[in-house]
$ cat my_file31.cif   # mmCIF, C-alpha atoms
data_start
#
loop_
_atom_site.label_atom_id
_atom_site.label_comp_id
_atom_site.auth_asym_id
_atom_site.auth_seq_id
_atom_site.Cartn_x
_atom_site.Cartn_y
_atom_site.Cartn_z
CA MET V 551 19.43 -21.91 -13.59
CA ASP V 552 18.73 -18.61 -11.79
CA GLY V 553 22.27 -17.46 -12.45
CA LEU V 554 21.83 -18.18 -16.14
CA GLU V 555 18.49 -16.32 -16.19
CA ASP V 556 20.03 -13.32 -14.40
CA GLY V 557 22.87 -13.24 -16.92
CA ILE V 558 20.42 -13.26 -19.85
CA SER V 559 18.32 -10.55 -18.18
CA GLU V 560 21.35 -8.33 -17.85
CA LEU V 561 22.28 -8.86 -21.50
CA ILE V 562 18.75 -7.91 -22.60
CA VAL V 563 18.79 -4.76 -20.43
CA ARG V 564 22.14 -3.71 -21.88
CA THR V 565 20.94 -4.47 -25.41
CA GLY V 566 18.06 -2.09 -24.59
CA LEU V 567 20.74 0.51 -23.84
CA LYS V 568 22.08 -0.09 -27.39
CA ASP V 569 25.22 -1.91 -26.19
CA ARG V 570 26.32 -3.89 -29.24
CA SER V 571 28.75 -6.15 -27.40
CA ALA V 572 25.92 -7.20 -25.05
CA PHE V 573 23.75 -7.88 -28.12
CA ASP V 574 26.51 -10.09 -29.56
CA ARG V 575 26.73 -12.06 -26.32
CA LEU V 576 22.95 -12.32 -26.07
CA TYR V 577 22.90 -13.74 -29.62
CA ALA V 578 25.64 -16.25 -28.82
CA ALA V 579 23.82 -17.42 -25.68
CA THR V 580 20.27 -17.62 -27.04
CA SER V 581 20.30 -18.09 -30.83
CA PRO V 582 20.50 -21.94 -30.72
CA LYS V 583 17.29 -21.99 -28.66
CA LEU V 584 15.48 -19.51 -30.87
CA PHE V 585 16.71 -21.19 -34.07
CA GLY V 586 15.37 -24.47 -32.66
CA ILE V 587 11.97 -22.77 -32.30
CA CYS V 588 12.11 -21.46 -35.90
CA LEU V 589 13.03 -24.86 -37.33
CA ARG V 590 10.35 -26.70 -35.41
CA VAL V 591 7.52 -24.29 -36.19
CA LEU V 592 8.43 -23.45 -39.79
CA ASN V 593 9.87 -26.87 -40.75
CA ASP V 594 11.92 -25.19 -43.52
CA ARG V 595 15.57 -24.32 -43.03
CA GLY V 596 15.71 -21.34 -45.39
CA GLU V 597 12.62 -19.74 -43.93
CA ALA V 598 13.84 -20.47 -40.41
CA GLU V 599 17.04 -18.52 -41.15
CA ASP V 600 15.05 -15.56 -42.48
CA ALA V 601 12.81 -15.70 -39.42
CA LEU V 602 15.79 -15.80 -37.06
CA GLN V 603 17.19 -12.60 -38.61
CA GLU V 604 13.88 -10.83 -38.24
CA ILE V 605 13.57 -12.03 -34.64
CA TYR V 606 16.95 -10.60 -33.57
CA VAL V 607 16.25 -7.33 -35.39
CA ARG V 608 13.08 -7.13 -33.27
CA ILE V 609 14.95 -8.06 -30.10
CA TRP V 610 17.42 -5.22 -30.73
CA MET V 611 14.55 -2.78 -31.26
CA LYS V 612 12.32 -3.98 -28.41
CA ALA V 613 14.90 -4.77 -25.73
CA HIS V 614 14.35 -1.44 -23.96
CA LEU V 615 10.78 -2.58 -23.24
CA PHE V 616 12.04 -5.58 -21.25
CA ALA V 617 11.58 -5.18 -17.49
CA VAL V 618 13.58 -7.50 -15.25
CA SER V 619 10.88 -7.21 -12.58
CA ALA V 620 8.07 -8.29 -14.92
CA HIS V 621 9.55 -10.81 -17.34
CA SER V 622 11.37 -14.10 -17.38
CA PRO V 623 14.13 -13.48 -19.95
CA ILE V 624 13.92 -16.81 -21.76
CA ALA V 625 10.11 -16.71 -21.85
CA TRP V 626 10.29 -13.14 -23.23
CA LEU V 627 12.72 -14.07 -26.01
CA ALA V 628 10.88 -17.30 -26.84
CA ALA V 629 7.58 -15.38 -27.10
CA ILE V 630 9.09 -12.99 -29.68
CA ALA V 631 10.40 -15.97 -31.66
CA ARG V 632 7.22 -18.04 -31.48
CA ASN V 633 4.96 -15.10 -32.33
CA HIS V 634 6.99 -14.24 -35.40
CA CYS V 635 7.20 -17.84 -36.62
CA ILE V 636 3.50 -18.50 -36.07
CA ASP V 637 2.60 -15.28 -37.91
CA ARG V 638 4.74 -16.48 -40.84
CA LEU V 639 3.07 -19.87 -40.73
CA ARG V 640 -0.42 -18.35 -40.79
CA ALA V 641 0.54 -16.06 -43.69
CA ARG V 642 1.46 -19.02 -45.92
CA LYS V 643 -1.03 -19.53 -48.74
CA ALA V 644 -1.03 -23.32 -48.59
CA PRO V 645 0.33 -25.42 -45.75
CA SER V 646 3.78 -26.69 -46.77
CA ARG V 647 3.53 -29.33 -44.07
CA PRO V 648 2.43 -32.66 -45.42
CA VAL V 649 -0.83 -33.55 -43.71
CA GLU V 650 0.14 -37.20 -43.25
CA GLU V 651 3.28 -36.27 -41.32
CA VAL V 652 2.54 -37.46 -37.83
CA VAL V 653 4.55 -36.01 -35.01
CA ASP V 654 3.69 -37.92 -31.92
CA LEU V 655 5.18 -35.88 -29.15
CA ALA V 656 3.98 -38.30 -26.51
CA ASP V 657 6.38 -40.91 -27.89
CA GLU V 658 9.35 -38.58 -28.03
CA ALA V 659 11.91 -39.16 -25.34
CA PRO V 660 12.42 -36.04 -23.25
CA GLY V 661 15.73 -34.28 -24.03
CA PRO V 662 18.19 -33.37 -21.30
CA GLU V 663 16.77 -29.88 -21.05
CA ARG V 664 13.25 -31.15 -20.57
CA LEU V 665 14.50 -33.40 -17.81
CA ALA V 666 16.35 -30.50 -16.17
CA VAL V 667 13.37 -28.18 -16.38
CA ALA V 668 11.13 -30.95 -15.11
CA ALA V 669 13.06 -30.66 -11.87
CA SER V 670 11.46 -27.29 -11.16
CA GLU V 671 8.71 -25.40 -12.93
CA GLY V 672 8.36 -27.92 -15.72
CA ARG V 673 7.40 -30.70 -13.32
CA ARG V 674 4.33 -28.72 -12.35
CA ILE V 675 3.14 -28.22 -15.90
CA ASP V 676 3.86 -31.87 -16.75
CA ALA V 677 1.91 -32.99 -13.69
CA CYS V 678 -0.96 -30.70 -14.65
CA MET V 679 -0.87 -31.98 -18.24
CA GLU V 680 -1.34 -35.48 -16.86
CA GLU V 681 -4.61 -34.39 -15.29
CA LEU V 682 -5.95 -33.67 -18.78
CA GLU V 683 -7.25 -36.38 -21.09
CA GLU V 684 -4.37 -37.70 -23.17
CA ALA V 685 -5.65 -36.50 -26.55
CA ARG V 686 -6.34 -33.04 -25.17
CA ALA V 687 -2.96 -32.74 -23.50
CA GLU V 688 -1.36 -33.76 -26.80
CA ALA V 689 -3.44 -31.12 -28.62
CA VAL V 690 -2.29 -28.38 -26.21
CA ARG V 691 1.35 -29.42 -26.39
CA SER V 692 1.45 -29.78 -30.18
CA ALA V 693 -0.40 -26.47 -30.68
CA TYR V 694 2.23 -24.71 -28.58
CA VAL V 695 5.31 -26.48 -29.86
CA MET V 696 4.42 -26.95 -33.55
CA GLY V 697 2.21 -23.90 -34.01
CA TYR V 698 -0.84 -25.85 -35.26
CA SER V 699 -3.98 -23.80 -35.89
CA TYR V 700 -7.45 -24.78 -34.67
CA ASP V 701 -8.20 -25.99 -38.22
CA GLU V 702 -5.14 -28.22 -38.38
CA LEU V 703 -5.73 -29.61 -34.90
CA ALA V 704 -9.36 -30.43 -35.73
CA GLU V 705 -8.24 -32.26 -38.87
CA ARG V 706 -5.45 -34.16 -37.13
CA HIS V 707 -7.72 -35.31 -34.32
CA GLY V 708 -10.71 -35.95 -36.61
CA VAL V 709 -13.11 -33.75 -34.63
CA PRO V 710 -15.17 -30.71 -35.71
CA LEU V 711 -13.54 -27.30 -35.34
CA ASN V 712 -15.91 -26.22 -32.58
CA THR V 713 -15.21 -29.35 -30.60
CA MET V 714 -11.46 -28.71 -30.84
CA ARG V 715 -11.97 -25.10 -29.74
CA THR V 716 -13.98 -26.22 -26.72
CA TRP V 717 -11.40 -28.91 -25.86
CA LEU V 718 -8.53 -26.48 -25.90
CA ARG V 719 -10.28 -23.72 -24.02
CA ARG V 720 -11.37 -26.06 -21.24
CA SER V 721 -7.92 -27.61 -21.14
CA LEU V 722 -6.24 -24.20 -20.85
CA MET V 723 -8.51 -23.19 -17.98
CA LYS V 724 -7.92 -26.50 -16.18
CA LEU V 725 -4.21 -26.13 -16.69
CA LYS V 726 -4.25 -22.65 -15.21
CA GLU V 727 -6.33 -23.76 -12.22
CA CYS V 728 -3.97 -26.67 -11.62
CA LEU V 729 -0.87 -24.47 -11.84
CA GLU V 730 -2.36 -21.97 -9.40
CA ARG V 731 -3.21 -24.58 -6.74
CA MET W 859 -12.50 -17.22 -41.30
CA ASN W 860 -12.66 -16.25 -37.66
CA GLY W 861 -12.18 -12.67 -36.60
CA ALA W 862 -11.02 -11.80 -33.10
CA ASP W 863 -14.58 -10.67 -32.38
CA GLU W 864 -15.94 -14.17 -32.63
CA HIS W 865 -13.32 -15.34 -30.16
CA ARG W 866 -13.92 -12.48 -27.80
CA MET W 867 -17.70 -12.92 -27.75
CA ASP W 868 -17.51 -16.49 -26.53
CA ASP W 869 -17.41 -17.36 -22.86
CA GLY W 870 -14.14 -16.77 -21.08
CA GLY W 871 -13.45 -13.39 -22.69
CA ASP W 872 -10.07 -11.77 -22.52
CA ALA W 873 -8.24 -14.38 -20.46
CA LEU W 874 -9.09 -17.08 -23.01
CA LEU W 875 -8.31 -14.87 -25.97
CA ALA W 876 -4.89 -14.15 -24.44
CA ALA W 877 -4.34 -17.88 -23.85
CA GLU W 878 -5.33 -18.76 -27.43
CA TYR W 879 -2.95 -16.12 -28.77
CA VAL W 880 -0.03 -17.42 -26.71
CA LEU W 881 -0.85 -21.03 -27.60
CA GLY W 882 -0.79 -19.89 -31.24
CA VAL W 883 -4.01 -21.50 -32.51
CA LEU W 884 -5.75 -18.38 -33.84
CA PRO W 885 -6.00 -17.70 -37.60
CA ALA W 886 -4.01 -14.88 -39.23
CA GLU W 887 -6.61 -12.09 -39.04
CA ALA W 888 -7.46 -12.78 -35.42
CA ARG W 889 -3.74 -12.77 -34.53
CA LYS W 890 -3.36 -9.35 -36.15
CA ASP W 891 -6.30 -7.98 -34.16
CA VAL W 892 -4.93 -9.40 -30.92
CA ALA W 893 -1.41 -8.07 -31.63
CA ALA W 894 -2.85 -4.57 -32.12
CA ARG W 895 -4.73 -4.92 -28.82
CA ILE W 896 -1.53 -5.97 -27.02
CA GLU W 897 0.13 -2.73 -28.21
CA ALA W 898 -2.78 -0.55 -27.12
CA ASP W 899 -4.13 -2.15 -23.92
CA ALA W 900 -1.81 -2.55 -20.92
CA GLY W 901 -4.29 -4.72 -18.99
CA PHE W 902 -4.61 -7.15 -21.87
CA ARG W 903 -0.83 -7.07 -22.37
CA ALA W 904 -0.42 -8.22 -18.76
CA LEU W 905 -2.81 -11.14 -19.36
CA VAL W 906 -0.75 -12.22 -22.37
CA GLY W 907 2.45 -11.94 -20.31
CA GLU W 908 0.90 -14.15 -17.62
CA TRP W 909 0.07 -16.86 -20.17
CA GLU W 910 3.54 -16.60 -21.70
CA ARG W 911 5.00 -17.39 -18.29
CA THR W 912 2.44 -20.12 -17.58
CA LEU W 913 3.12 -22.01 -20.80
CA SER W 914 6.86 -21.26 -21.01
CA PRO W 915 7.95 -24.63 -19.51
CA LEU W 916 6.77 -26.12 -22.83
CA ASN W 917 9.71 -24.29 -24.46
CA ALA W 918 11.84 -27.15 -23.12
CA ASP W 919 10.49 -29.24 -26.02
CA TYR W 920 12.50 -27.15 -28.49
CA ALA W 921 15.95 -28.47 -29.34
CA HIS W 922 19.02 -26.20 -29.39
CA VAL W 923 20.28 -25.87 -32.97
CA PRO W 924 23.19 -23.52 -33.66
CA PRO W 925 22.30 -21.29 -36.63
CA PRO W 926 24.78 -20.89 -39.53
CA ALA W 927 27.43 -18.21 -39.00
CA SER W 928 26.03 -16.21 -41.92
CA ALA W 929 22.87 -15.45 -39.90
CA LYS W 930 24.55 -13.12 -37.40
CA ALA W 931 26.41 -11.28 -40.17
CA ALA W 932 23.10 -10.72 -41.97
CA ILE W 933 21.48 -9.39 -38.77
CA ASP W 934 24.37 -6.98 -38.18
CA ARG W 935 24.12 -5.78 -41.79
CA ARG W 936 20.42 -5.12 -41.39
CA LEU W 937 20.78 -3.34 -38.08
CA PHE W 938 24.07 -1.49 -38.36
CA ALA W 939 24.96 -1.18 -42.06
CA ALA W 940 23.00 2.08 -42.44
CA ALA W 941 25.07 3.73 -39.74
CA THR W 942 28.42 2.79 -41.28
CA ALA W 943 27.28 3.18 -44.90
CA SER W 944 26.02 6.73 -44.47
CA SER W 945 29.51 7.88 -43.60
CA ARG W 946 30.89 6.25 -46.76
CA LYS W 947 28.21 6.78 -49.35
CA PRO W 948 26.97 10.16 -50.59
CA SER W 949 23.31 9.11 -50.75
CA LEU W 950 22.42 10.69 -47.42
CA TRP W 951 18.98 11.56 -48.72
CA ASN W 952 18.04 7.87 -48.74
CA SER W 953 19.61 7.02 -45.42
CA LEU W 954 17.24 6.28 -42.58
CA ALA W 955 20.09 6.66 -40.12
CA PHE W 956 20.76 10.13 -41.47
CA TRP W 957 17.18 11.27 -40.99
CA ARG W 958 17.02 9.73 -37.55
CA GLY W 959 20.26 11.48 -36.74
CA LEU W 960 18.82 14.71 -38.07
CA ALA W 961 15.77 14.39 -35.80
CA VAL W 962 18.06 13.87 -32.81
CA ALA W 963 20.23 16.76 -33.92
CA ALA W 964 17.15 18.97 -34.25
CA LEU W 965 16.11 18.15 -30.69
CA ALA W 966 19.65 18.73 -29.49
CA SER W 967 19.88 22.10 -31.22
CA LEU W 968 16.58 23.12 -29.64
CA ALA W 969 18.24 22.33 -26.37
CA VAL W 970 21.22 24.44 -27.32
CA ILE W 971 19.04 27.38 -28.30
CA PHE W 972 16.56 27.36 -25.45
CA ILE W 973 18.22 25.66 -22.54
CA LEU W 974 21.90 26.31 -22.89
CA PRO W 975 21.74 30.07 -22.20
CA PHE W 976 20.42 29.38 -18.72
CA PHE W 977 23.35 27.24 -17.75
CA VAL W 978 26.37 28.23 -19.76
CA GLU W 979 28.66 31.18 -19.54
CA PRO W 980 29.32 32.59 -23.01
CA GLU W 981 33.12 32.39 -23.10
CA PRO W 982 34.70 29.35 -24.76
CA GLY W 983 35.72 26.86 -22.12
CA PRO W 984 35.95 23.14 -21.50
CA ALA W 985 34.01 20.73 -23.68
CA ARG W 986 30.26 20.50 -23.47
CA TYR W 987 28.06 17.60 -24.53
CA VAL W 988 24.34 17.28 -25.20
CA ALA W 989 22.18 14.18 -25.21
CA ALA W 990 18.65 14.15 -26.65
CA MET W 991 16.99 11.30 -24.76
CA GLN W 992 14.07 9.27 -26.12
CA ALA W 993 13.02 5.69 -26.90
CA ASP W 994 10.54 4.00 -29.21
CA ALA W 995 7.05 3.53 -27.77
CA SER W 996 7.85 5.79 -24.81
CA PRO W 997 6.44 9.28 -24.24
CA VAL W 998 9.42 10.31 -22.10
CA ARG W 999 11.78 12.96 -23.55
CA TYR W 1000 14.68 14.62 -21.78
CA VAL W 1001 17.57 16.79 -22.82
CA ALA W 1002 20.83 16.49 -20.91
CA LEU W 1003 23.76 18.88 -20.96
CA TYR W 1004 27.10 17.71 -19.63
CA GLN W 1005 29.85 20.23 -18.87
CA ALA W 1006 33.26 18.65 -18.62
CA GLY W 1007 34.65 21.63 -16.71
CA THR W 1008 32.40 21.20 -13.69
CA GLY W 1009 31.47 17.53 -14.18
CA SER W 1010 27.81 18.51 -13.96
CA ILE W 1011 24.87 17.11 -15.91
CA ASP W 1012 21.78 19.30 -16.25
CA LEU W 1013 18.57 17.53 -17.23
CA THR W 1014 15.41 19.13 -18.55
CA ARG W 1015 12.26 17.15 -19.03
CA LEU W 1016 10.44 17.85 -22.29
CA ALA W 1017 7.69 15.23 -21.93
CA GLY W 1018 6.49 12.33 -19.77
CA GLU W 1019 6.40 11.69 -16.05
CA PRO W 1020 6.73 8.66 -13.76
CA ALA W 1021 3.64 6.49 -13.26
CA ALA W 1022 2.03 6.64 -9.80
CA GLY W 1023 4.25 4.87 -7.28
CA ARG W 1024 7.26 4.78 -9.65
CA ASP W 1025 10.47 6.78 -9.99
CA PHE W 1026 12.73 7.74 -12.88
CA GLU W 1027 16.34 6.63 -12.37
CA LEU W 1028 19.24 7.99 -14.41
CA TRP W 1029 22.02 5.68 -15.67
CA LEU W 1030 25.39 6.27 -17.24
CA ILE W 1031 26.80 3.75 -19.70
CA GLU W 1032 30.41 4.25 -20.78
CA GLY W 1033 32.79 1.80 -22.37
CA GLY W 1034 31.88 -1.82 -21.80
CA ASN W 1035 30.99 -1.22 -18.16
CA ALA W 1036 27.70 -2.10 -16.51
CA PRO W 1037 25.17 0.75 -16.29
CA ARG W 1038 26.00 2.97 -13.35
CA SER W 1039 23.22 4.69 -11.39
CA LEU W 1040 23.42 8.47 -11.22
CA GLY W 1041 20.42 8.60 -8.90
CA LEU W 1042 16.72 9.37 -9.07
CA LEU W 1043 15.31 12.31 -11.00
CA PRO W 1044 13.06 14.80 -9.19
CA ASP W 1045 9.33 14.72 -9.99
CA SER W 1046 9.38 18.24 -11.36
CA GLY W 1047 11.77 20.94 -12.45
CA PRO W 1048 15.27 20.63 -13.85
CA ALA W 1049 17.83 18.36 -12.23
CA ARG W 1050 21.55 18.85 -11.79
CA ILE W 1051 23.83 15.93 -11.05
CA THR W 1052 27.54 16.34 -10.39
CA LEU W 1053 29.77 13.44 -11.33
CA PRO W 1054 32.70 12.42 -9.16
CA PRO W 1055 35.97 13.50 -10.88
CA SER W 1056 37.07 9.88 -11.42
CA LEU W 1057 33.97 9.28 -13.53
CA ALA W 1058 33.95 12.66 -15.24
CA SER W 1059 37.43 12.10 -16.63
CA ARG W 1060 36.24 9.02 -18.52
CA LEU W 1061 33.33 10.64 -20.34
CA SER W 1062 35.23 12.31 -23.16
CA GLY W 1063 35.45 8.94 -24.93
CA GLY W 1064 31.69 8.87 -25.44
CA ALA W 1065 28.89 7.82 -23.14
CA THR W 1066 25.16 7.20 -23.13
CA LEU W 1067 22.62 8.41 -20.59
CA ALA W 1068 19.46 6.40 -19.97
CA ILE W 1069 16.35 6.70 -17.79
CA SER W 1070 14.58 3.60 -16.53
CA ASP W 1071 11.23 3.03 -14.83
CA GLU W 1072 11.88 1.88 -11.24
CA PRO W 1073 10.02 1.33 -7.95
CA VAL W 1074 9.91 4.28 -5.55
CA GLY W 1075 13.38 4.79 -4.13
CA GLY W 1076 15.11 3.36 -7.18
CA SER W 1077 16.30 0.00 -8.43
CA PRO W 1078 16.61 -2.51 -5.59
CA THR W 1079 19.39 -4.39 -7.41
CA GLY W 1080 21.79 -1.66 -8.51
CA ALA W 1081 21.02 -2.41 -12.16
CA PRO W 1082 18.03 -1.23 -14.20
CA THR W 1083 14.99 -3.41 -13.44
CA GLY W 1084 12.25 -1.61 -15.41
CA ALA W 1085 11.82 -0.64 -19.05
CA VAL W 1086 14.24 1.92 -20.50
CA LEU W 1087 12.07 4.96 -21.12
CA ALA W 1088 14.60 7.25 -22.78
CA LEU W 1089 18.22 7.13 -23.79
CA GLY W 1090 20.64 9.27 -25.73
CA GLU W 1091 24.30 9.47 -26.59
CA LEU W 1092 26.29 12.47 -25.33
CA ARG W 1093 27.55 14.42 -28.34
CA GLY W 1094 30.09 17.21 -28.24
CA ILE W 1095 28.83 20.68 -29.14
#
$ encode --input "my_file31.cif" --output "structure tokens"
Amino acid sequence: MDGLEDGISELIVRTGLKDRSAFDRLYAATSPKLFGICLRVLNDRGEAEDALQEIYVRIWMKAHLFAVSAHSPIAWLAAIARNHCIDRLRARKAPSRPVEEVVDLADEAPGPERLAVAASEGRRIDACMEELEEARAEAVRSAYVMGYSYDELAERHGVPLNTMRTWLRRSLMKLKECLER
Amino acid sequence: MNGADEHRMDDGGDALLAAEYVLGVLPAEARKDVAARIEADAGFRALVGEWERTLSPLNADYAHVPPPASAKAAIDRRLFAAATASSRKPSLWNSLAFWRGLAVAALASLAVIFILPFFVEPEPGPARYVAAMQADASPVRYVALYQAGTGSIDLTRLAGEPAAGRDFELWLIEGGNAPRSLGLLPDSGPARITLPPSLASRLSGGATLAISDEPVGGSPTGAPTGAVLALGELRGI
């Protein structure tokens, strides 16, 4: 895992030095993950492809800002992808997601990667998630993974907006406390 | 409906606002405000980075889906078509790459006019190369002059200096090789670095110089560990 992370870090640094062959290899190594993010958040294949293009254009232009000492490479790339996709989602006039579509992440079997990550860092966040009430943990996880807004979360959980905001804020603080123990 | 102000006023302040941004729950206008703050405020940027790391294990929920092959071709067209097209098409006036190139050339010719006379004997001799070094969102600007005859690189700082407790480290990138450290740059005044002959002989094929932000004493790993603050391609003059 560390070896893989180091390899991705090096490719980002060299992309920051405008090395096109490093950029090509970075794309080959990371685009399935980032495309997975686009598809999940945008839920529209055509828009996900447009988003992916924009994301790698940004990665090429921002790679020189990446600091190996300060960033985890995958977290850095995933943040660029998620931010762009969520901005697109928020810019939509009407939600193209059917409201009745229920994605129950709690029932989804963990994929091989989730199991692998659970062996290290992921196990801590999963353990900390279990300390939260189930509905709140589900709200945090689906907000992050699906890109739901406060409004959508309030509607899905049938609680007022302010209640949802308070739930999430308390949950985030608890999560942070738990992870820092 | 909700501006960033409303979110900031509530209890919890910046740490919560950063968490809400990373989680992704804020409405469009609030996200714009927070994104502008991330650009402008290094302390807040660090808070956001901390939350990105904290929540990043949740990225494991995303499946890996290979994108269609057409996606990479479209990215390359967007990023690199201007550079290749400007050499083919006559519409230089409309070419962003041309104007960028012109800005670099202007900086390089300034270097030739003001800096070259201090270093270079007037008679025609071995090849000389100049690199105008800069990067987006970085205040650091250097000009480098490489003289193939002596294998020396002279660097003059035009703007920017290392943060307290940090050093500037110079890197050479040639061919497909990993960046090679050429050492730390002095805090003030011009710098001269002499390349070993084995390295100097390889530079005629084109090379890039870069400066990265490193801990005092330079990169502990032998590769750049901090942000790239300036870079520029050596061009023959």
$ resolve_selection --input "my_file31.cif" --expression "the PyMOL selection byres ((chain W) within 8 of (chain V))" --output "MDAnalysis selection string"
chainID W and resid 874 877:878 880:886 889 907 910:925 929:930 932:933 936:937 993 1034 1036:1037 1068 1082:1087 1089
$ residues_near_point --input "my_file31.cif" --point "(9.6, -0.4, -6.1)" --cutoff "10 Å" --atoms "only C-alpha atoms" --output "list in words"
Ser619 of chain V; Gly1023, Arg1024, Asp1025, Asp1071, Glu1072, Pro1073, Val1074, Gly1075, Gly1076, Ser1077, Pro1078, Thr1083 and Gly1084 of chain W
$ residues_around --input "my_file31.cif" --residues "Leu1028 of chain W" --least-positions-apart "4" --cutoff "9 Å" --atoms "only C-alpha atoms" --output "list of chain:residue names"
W:Arg1038, W:Ser1039, W:Leu1040, W:Gly1041, W:Leu1042, W:Leu1043, W:Leu1067, W:Ala1068, W:Ile1069, W:Ser1070
$ residues_around --input "my_file31.cif" --residues "Ile1095 of chain W" --least-positions-apart "6" --cutoff "9 Å" --atoms "all atoms listed in the file" --output "JSON, numbers by chain"
{"W": [970, 985, 986, 987, 988]}
$ atom_distance --input "my_file31.cif" --atom1 "atom CA of Asp872 of chain W" --atom2 "atom CA of Phe902 of chain W"
7.2 Å
$ build_atoms --input "my_file31.cif" --residues "segment 685-691 of chain V" --atoms "all heavy atoms" --output "PDB file, in the coordinates of the input"
ATOM      1  N   ALA V 685      -5.536 -37.137 -25.233  1.00  0.00           N
ATOM      2  CA  ALA V 685      -5.650 -36.500 -26.550  1.00  0.00           C
ATOM      3  C   ALA V 685      -5.660 -34.981 -26.421  1.00  0.00           C
ATOM      4  O   ALA V 685      -5.119 -34.262 -27.254  1.00  0.00           O
ATOM      5  CB  ALA V 685      -6.911 -36.974 -27.265  1.00  0.00           C
ATOM      6  N   ARG V 686      -6.258 -34.496 -25.337  1.00  0.00           N
ATOM      7  CA  ARG V 686      -6.340 -33.040 -25.170  1.00  0.00           C
ATOM      8  C   ARG V 686      -4.988 -32.468 -24.759  1.00  0.00           C
ATOM      9  O   ARG V 686      -4.598 -31.400 -25.216  1.00  0.00           O
ATOM     10  CB  ARG V 686      -7.403 -32.689 -24.128  1.00  0.00           C
ATOM     11  CG  ARG V 686      -8.750 -33.189 -24.625  1.00  0.00           C
ATOM     12  CD  ARG V 686      -9.887 -32.870 -23.724  1.00  0.00           C
ATOM     13  NE  ARG V 686     -11.056 -33.599 -24.215  1.00  0.00           N
ATOM     14  CZ  ARG V 686     -12.281 -33.366 -23.842  1.00  0.00           C
ATOM     15  NH1 ARG V 686     -12.524 -32.423 -22.940  1.00  0.00           N
ATOM     16  NH2 ARG V 686     -13.280 -34.058 -24.340  1.00  0.00           N
ATOM     17  N   ALA V 687      -4.301 -33.186 -23.892  1.00  0.00           N
ATOM     18  CA  ALA V 687      -2.960 -32.740 -23.500  1.00  0.00           C
ATOM     19  C   ALA V 687      -2.052 -32.694 -24.734  1.00  0.00           C
ATOM     20  O   ALA V 687      -1.277 -31.759 -24.925  1.00  0.00           O
ATOM     21  CB  ALA V 687      -2.377 -33.670 -22.443  1.00  0.00           C
ATOM     22  N   GLU V 688      -2.191 -33.717 -25.586  1.00  0.00           N
ATOM     23  CA  GLU V 688      -1.360 -33.760 -26.800  1.00  0.00           C
ATOM     24  C   GLU V 688      -1.718 -32.588 -27.711  1.00  0.00           C
ATOM     25  O   GLU V 688      -0.847 -31.977 -28.331  1.00  0.00           O
ATOM     26  CB  GLU V 688      -1.577 -35.103 -27.526  1.00  0.00           C
ATOM     27  CG  GLU V 688      -0.476 -35.460 -28.506  1.00  0.00           C
ATOM     28  CD  GLU V 688      -0.610 -34.774 -29.856  1.00  0.00           C
ATOM     29  OE1 GLU V 688      -1.757 -34.520 -30.296  1.00  0.00           O
ATOM     30  OE2 GLU V 688       0.431 -34.473 -30.477  1.00  0.00           O
ATOM     31  N   ALA V 689      -3.019 -32.244 -27.773  1.00  0.00           N
ATOM     32  CA  ALA V 689      -3.440 -31.120 -28.620  1.00  0.00           C
ATOM     33  C   ALA V 689      -2.832 -29.807 -28.104  1.00  0.00           C
ATOM     34  O   ALA V 689      -2.321 -29.000 -28.875  1.00  0.00           O
ATOM     35  CB  ALA V 689      -4.963 -31.027 -28.661  1.00  0.00           C
ATOM     36  N   VAL V 690      -2.848 -29.600 -26.781  1.00  0.00           N
ATOM     37  CA  VAL V 690      -2.290 -28.380 -26.210  1.00  0.00           C
ATOM     38  C   VAL V 690      -0.791 -28.305 -26.499  1.00  0.00           C
ATOM     39  O   VAL V 690      -0.276 -27.297 -26.985  1.00  0.00           O
ATOM     40  CB  VAL V 690      -2.521 -28.325 -24.672  1.00  0.00           C
ATOM     41  CG1 VAL V 690      -1.719 -27.193 -24.038  1.00  0.00           C
ATOM     42  CG2 VAL V 690      -4.004 -28.152 -24.362  1.00  0.00           C
ATOM     43  N   ARG V 691      -0.105 -29.414 -26.235  1.00  0.00           N
ATOM     44  CA  ARG V 691       1.350 -29.420 -26.390  1.00  0.00           C
ATOM     45  C   ARG V 691       1.737 -29.221 -27.860  1.00  0.00           C
ATOM     46  O   ARG V 691       2.633 -28.439 -28.175  1.00  0.00           O
ATOM     47  CB  ARG V 691       1.945 -30.722 -25.846  1.00  0.00           C
ATOM     48  CG  ARG V 691       3.437 -30.661 -25.597  1.00  0.00           C
ATOM     49  CD  ARG V 691       3.974 -31.990 -25.085  1.00  0.00           C
ATOM     50  NE  ARG V 691       3.865 -32.179 -23.646  1.00  0.00           N
ATOM     51  CZ  ARG V 691       4.745 -31.711 -22.757  1.00  0.00           C
ATOM     52  NH1 ARG V 691       5.777 -31.021 -23.146  1.00  0.00           N
ATOM     53  NH2 ARG V 691       4.574 -31.943 -21.473  1.00  0.00           N
TER      54      ARG V 691
END
